[in-house]
file protein_30.cif (mmCIF, C-alpha atoms)
data_query
#
loop_
_atom_site.label_atom_id
_atom_site.label_comp_id
_atom_site.auth_asym_id
_atom_site.auth_seq_id
_atom_site.Cartn_x
_atom_site.Cartn_y
_atom_site.Cartn_z
CA MET A 1 -7.72 -16.43 2.83
CA ALA A 2 -6.55 -18.93 0.22
CA SER A 3 -10.00 -20.49 0.06
CA THR A 4 -11.52 -17.05 -0.57
CA VAL A 5 -9.12 -16.46 -3.48
CA VAL A 6 -9.87 -19.90 -4.95
CA LYS A 7 -13.63 -19.26 -4.67
CA TYR A 8 -13.22 -15.89 -6.37
CA VAL A 9 -11.14 -17.38 -9.19
CA LEU A 10 -13.60 -20.22 -9.83
CA GLN A 11 -16.56 -17.87 -9.73
CA SER A 12 -14.89 -15.45 -12.18
CA ILE A 13 -13.98 -18.28 -14.59
CA LYS A 14 -17.57 -19.53 -14.44
CA GLU A 15 -18.99 -16.04 -15.14
CA LYS A 16 -16.50 -14.78 -17.74
CA GLY A 17 -15.00 -17.87 -19.27
CA LEU A 18 -11.37 -18.98 -19.15
CA ARG A 19 -10.07 -16.74 -21.97
CA SER A 20 -11.72 -13.59 -20.63
CA PHE A 21 -10.52 -14.38 -17.12
CA TYR A 22 -6.92 -14.87 -18.33
CA ARG A 23 -7.08 -11.65 -20.39
CA GLU A 24 -8.28 -9.78 -17.30
CA LEU A 25 -5.47 -11.29 -15.21
CA LYS A 26 -2.96 -10.18 -17.81
CA ASP A 27 -4.42 -6.67 -18.10
CA GLU A 28 -4.46 -6.21 -14.33
CA GLY A 29 -0.84 -7.35 -14.00
CA PHE A 30 -1.34 -10.67 -12.19
CA VAL A 31 0.75 -12.61 -14.71
CA LYS A 32 3.76 -10.28 -14.27
CA CYS A 33 3.52 -10.24 -10.48
CA LEU A 34 3.86 -14.01 -10.02
CA SER A 35 7.61 -13.59 -9.49
CA ASP A 36 7.18 -10.73 -6.98
CA GLY A 37 5.57 -11.94 -3.76
CA ASN A 38 4.77 -8.48 -2.37
CA LEU A 39 3.02 -7.40 -5.55
CA LEU A 40 1.11 -10.67 -5.73
CA GLN A 41 -0.03 -10.19 -2.13
CA THR A 42 -1.24 -6.67 -3.01
CA LYS A 43 -3.13 -7.96 -6.04
CA ILE A 44 -4.81 -10.67 -3.96
CA HIS A 45 -5.68 -8.08 -1.30
CA ASN A 46 -7.23 -5.89 -4.02
CA LEU A 47 -9.66 -8.67 -4.92
CA LYS A 48 -11.50 -7.98 -1.67
CA GLY A 49 -11.81 -4.26 -2.36
CA ASN A 50 -13.88 -2.14 -4.67
CA LEU A 51 -12.02 0.07 -7.12
CA VAL A 52 -13.05 3.63 -6.20
CA GLY A 53 -10.98 5.59 -8.69
CA ILE A 54 -7.77 6.15 -10.61
CA ASP A 55 -5.79 9.38 -10.38
CA LYS A 56 -4.01 11.13 -13.24
CA PHE A 57 -0.77 9.27 -12.45
CA GLY A 58 -2.41 5.85 -12.83
CA ASN A 59 -2.56 4.97 -9.11
CA LYS A 60 -5.62 2.87 -8.23
CA TYR A 61 -7.60 3.45 -5.04
CA TYR A 62 -9.57 0.69 -3.33
CA GLU A 63 -12.02 0.50 -0.46
CA ASN A 64 -13.52 -2.35 1.57
CA ARG A 65 -15.94 -1.18 4.27
CA ASN A 66 -15.93 -4.62 5.91
CA LEU A 67 -12.37 -4.08 7.13
CA GLN A 68 -11.28 -2.14 10.20
CA SER A 69 -11.62 1.64 9.89
CA GLY A 70 -8.26 3.13 8.96
CA ARG A 71 -7.34 0.00 7.05
CA HIS A 72 -10.29 -0.10 4.72
CA ARG A 73 -8.80 2.21 2.07
CA TRP A 74 -5.56 1.67 0.19
CA VAL A 75 -3.65 2.57 -2.96
CA GLU A 76 -1.99 0.44 -5.61
CA TYR A 77 0.81 2.52 -7.14
CA ALA A 78 1.15 2.75 -10.90
CA GLU A 79 4.96 2.58 -10.66
CA LYS A 80 5.53 -0.87 -9.17
CA SER A 81 9.32 -0.87 -9.02
CA ARG A 82 9.79 2.46 -7.25
CA TYR A 83 7.04 4.03 -5.20
CA ASN A 84 6.55 6.22 -2.16
CA ALA A 85 3.75 8.16 -0.51
CA SER A 86 4.58 11.40 -2.32
CA GLN A 87 3.13 9.89 -5.50
CA VAL A 88 -0.38 10.31 -4.05
CA PRO A 89 -2.00 13.68 -4.91
CA ALA A 90 -3.49 15.78 -2.07
CA GLU A 91 -7.13 15.01 -2.83
CA TRP A 92 -6.51 11.24 -2.77
CA HIS A 93 -4.28 11.55 0.30
CA GLY A 94 -7.21 13.18 2.05
CA TRP A 95 -9.55 10.43 0.90
CA LEU A 96 -7.16 7.72 2.14
CA HIS A 97 -6.94 9.36 5.57
CA LEU A 98 -10.65 10.23 5.81
CA LEU A 99 -9.94 13.97 5.55
CA MET A 100 -12.07 16.30 3.49
CA LEU A 101 -9.45 18.16 1.48
CA LYS A 102 -10.45 20.17 -1.54
CA PRO A 103 -8.56 19.33 -4.73
CA LYS A 104 -5.98 21.94 -5.73
CA ARG A 105 -6.23 23.46 -2.26
CA TYR A 106 -3.11 25.51 -2.71
CA GLY A 107 -3.53 26.18 -6.42
CA LEU A 108 -0.38 24.24 -7.32
CA GLU A 109 -0.15 21.10 -9.41
CA HIS A 110 0.96 18.04 -7.41
CA LYS A 111 4.56 16.93 -7.95
CA GLU A 112 6.24 13.81 -6.65
CA ASN A 113 8.99 14.40 -4.07
CA PHE A 114 12.26 13.24 -5.62
CA SER A 115 14.49 14.32 -2.70
CA GLY A 116 15.31 10.73 -1.81
CA GLU A 117 15.82 9.50 -5.35
CA GLY A 118 19.08 9.48 -7.27
CA GLU A 119 22.55 10.31 -6.00
CA GLU A 120 22.56 13.74 -7.64
CA LEU A 121 19.48 14.81 -5.67
CA ILE A 122 20.60 13.63 -2.23
CA TYR A 123 22.25 16.25 -0.03
CA HIS A 124 25.49 15.20 1.66
CA SER A 125 27.20 17.45 4.19
CA LYS A 126 30.78 18.59 3.61
CA GLY A 127 32.24 15.84 5.76
CA HIS A 128 30.11 13.04 4.31
CA ALA A 129 32.00 10.19 2.62
CA LEU A 130 29.74 10.36 -0.46
CA ASN A 131 30.19 14.10 -0.98
CA LYS A 132 32.28 14.74 -4.09
CA GLY A 133 33.67 18.00 -2.68
CA GLN A 134 34.61 16.36 0.60
CA ARG A 135 37.10 18.14 2.84
CA ASP A 136 40.54 16.72 3.31
CA TRP A 137 40.49 15.73 6.98
CA THR A 138 43.99 14.22 6.98
CA ARG A 139 45.68 17.47 8.07
CA TYR A 140 43.79 17.47 11.36
CA GLN A 141 45.19 15.53 14.30
CA PRO A 142 42.85 13.92 16.78
CA TRP A 143 42.94 15.42 20.25
CA GLU A 144 44.67 13.34 22.87
CA PRO A 145 44.45 14.30 26.52
CA THR A 146 47.67 14.87 28.42
CA LYS A 147 48.51 12.27 31.02
CA PRO A 148 48.97 13.62 34.58
#

call {"tool": "encode", "arguments": {"input": "protein_30.cif", "output": "structure tokens"}}
result
Amino acid sequence: MASTVVKYVLQSIKEKGLRSFYRELKDEGFVKCLSDGNLLQTKIHNLKGNLVGIDKFGNKYYENRNLQSGRHRWVEYAEKSRYNASQVPAEWHGWLHLLMLKPKRYGLEHKENFSGEGEELIYHSKGHALNKGQRDWTRYQPWEPTKP
């Protein structure tokens, strides 16, 4: 894998020149991702794929038909620090999973699911320790069985 990346880098420098290659690295986010290993791994993985499209949220979709079916399509999220699968619109979700969904199938605009984000949006039951309106359980005594 490392040899493939080195070959790609040398070939790109030869074709584009060092300045153009560095500018492209910077524009694609490689320079920023050097400190984040997961993001760097994603960027290196994307070198093997062909950019198919970009959705309205800025997510990039890649495909490599030489890989195993089911693993040959992937997404690079626009929001690198916080991402989840609900950021993928329905038409791209269908493309990722080899489904033929029509865009705007339900006539509604796609919205990201924020149910798991932020303390104010997370539901906590009445007895939960993080619930601000938590019940006062101190007045209840635990049940103890009588000894025969």

call {"tool": "atom_distance", "arguments": {"input": "protein_30.cif", "atom1": "atom CA of Tyr61 of chain A", "atom2": "atom CA of Trp92 of chain A"}}
result
8.2 Å

call {"tool": "closest_residue", "arguments": {"input": "protein_30.cif", "among": "A:Lys111, A:Lys16, A:Lys26, A:Arg73", "to": "Gly49 of chain A", "atoms": "all atoms listed in the file"}}
result
A:Arg73

call {"tool": "closest_residue", "arguments": {"input": "protein_30.cif", "among": "A:Asn59, A:Ser20, A:Asn131, A:Thr4", "to": "Val75 of chain A", "atoms": "all atoms listed in the file"}}
result
A:Asn59

call {"tool": "resolve_selection", "arguments": {"input": "protein_30.cif", "expression": "the PyMOL selection byres ((chain A and resi 78-91) around 6)", "output": "list in words"}}
result
Gly58, Asn59, Tyr77, Trp92, His93, Gly94, Leu101, Pro103, His110, Glu112 and Asn113 of chain A

call {"tool": "atom_distance", "arguments": {"input": "protein_30.cif", "atom1": "atom CA of Leu25 of chain A", "atom2": "atom CA of Lys7 of chain A"}}
result
15.5 Å

call {"tool": "resolve_selection", "arguments": {"input": "protein_30.cif", "expression": "the PyMOL selection byres ((chain A and resi 63) around 8)", "output": "PyMOL selection string"}}
result
chain A and resi 49-52+61-62+64-65+72-74

call {"tool": "write_last_selection", "arguments": {"input": "protein_30.cif", "atoms": "C-alpha atoms", "output": "CSV table (one decimal), in the frame of the given file"}}
result
chain,number,residue,atom,x,y,z
A,49,GLY,CA,-11.8,-4.3,-2.4
A,50,ASN,CA,-13.9,-2.1,-4.7
A,51,LEU,CA,-12.0,0.1,-7.1
A,52,VAL,CA,-13.0,3.6,-6.2
A,61,TYR,CA,-7.6,3.4,-5.0
A,62,TYR,CA,-9.6,0.7,-3.3
A,64,ASN,CA,-13.5,-2.4,1.6
A,65,ARG,CA,-15.9,-1.2,4.3
A,72,HIS,CA,-10.3,-0.1,4.7
A,73,ARG,CA,-8.8,2.2,2.1
A,74,TRP,CA,-5.6,1.7,0.2

call {"tool": "atom_distance", "arguments": {"input": "protein_30.cif", "atom1": "atom CA of Leu108 of chain A", "atom2": "atom CA of Lys60 of chain A"}}
result
22.0 Å

call {"tool": "residues_around", "arguments": {"input": "protein_30.cif", "residues": "Ser12 of chain A", "least_positions_apart": "3", "cutoff": "12 Å", "atoms": "only C-alpha atoms", "output": "PDB file with C-alpha atoms, in the coordinates of the input"}}
result
ATOM      1  CA  VAL A   5      -9.120 -16.460  -3.480  1.00  0.00           C
ATOM      2  CA  VAL A   6      -9.870 -19.900  -4.950  1.00  0.00           C
ATOM      3  CA  LYS A   7     -13.630 -19.260  -4.670  1.00  0.00           C
ATOM      4  CA  TYR A   8     -13.220 -15.890  -6.370  1.00  0.00           C
ATOM      5  CA  VAL A   9     -11.140 -17.380  -9.190  1.00  0.00           C
ATOM      6  CA  GLU A  15     -18.990 -16.040 -15.140  1.00  0.00           C
ATOM      7  CA  LYS A  16     -16.500 -14.780 -17.740  1.00  0.00           C
ATOM      8  CA  GLY A  17     -15.000 -17.870 -19.270  1.00  0.00           C
ATOM      9  CA  LEU A  18     -11.370 -18.980 -19.150  1.00  0.00           C
ATOM     10  CA  ARG A  19     -10.070 -16.740 -21.970  1.00  0.00           C
ATOM     11  CA  SER A  20     -11.720 -13.590 -20.630  1.00  0.00           C
ATOM     12  CA  PHE A  21     -10.520 -14.380 -17.120  1.00  0.00           C
ATOM     13  CA  TYR A  22      -6.920 -14.870 -18.330  1.00  0.00           C
ATOM     14  CA  ARG A  23      -7.080 -11.650 -20.390  1.00  0.00           C
ATOM     15  CA  GLU A  24      -8.280  -9.780 -17.300  1.00  0.00           C
ATOM     16  CA  LEU A  25      -5.470 -11.290 -15.210  1.00  0.00           C
ATOM     17  CA  LEU A  47      -9.660  -8.670  -4.920  1.00  0.00           C
TER      18      LEU A  47
END
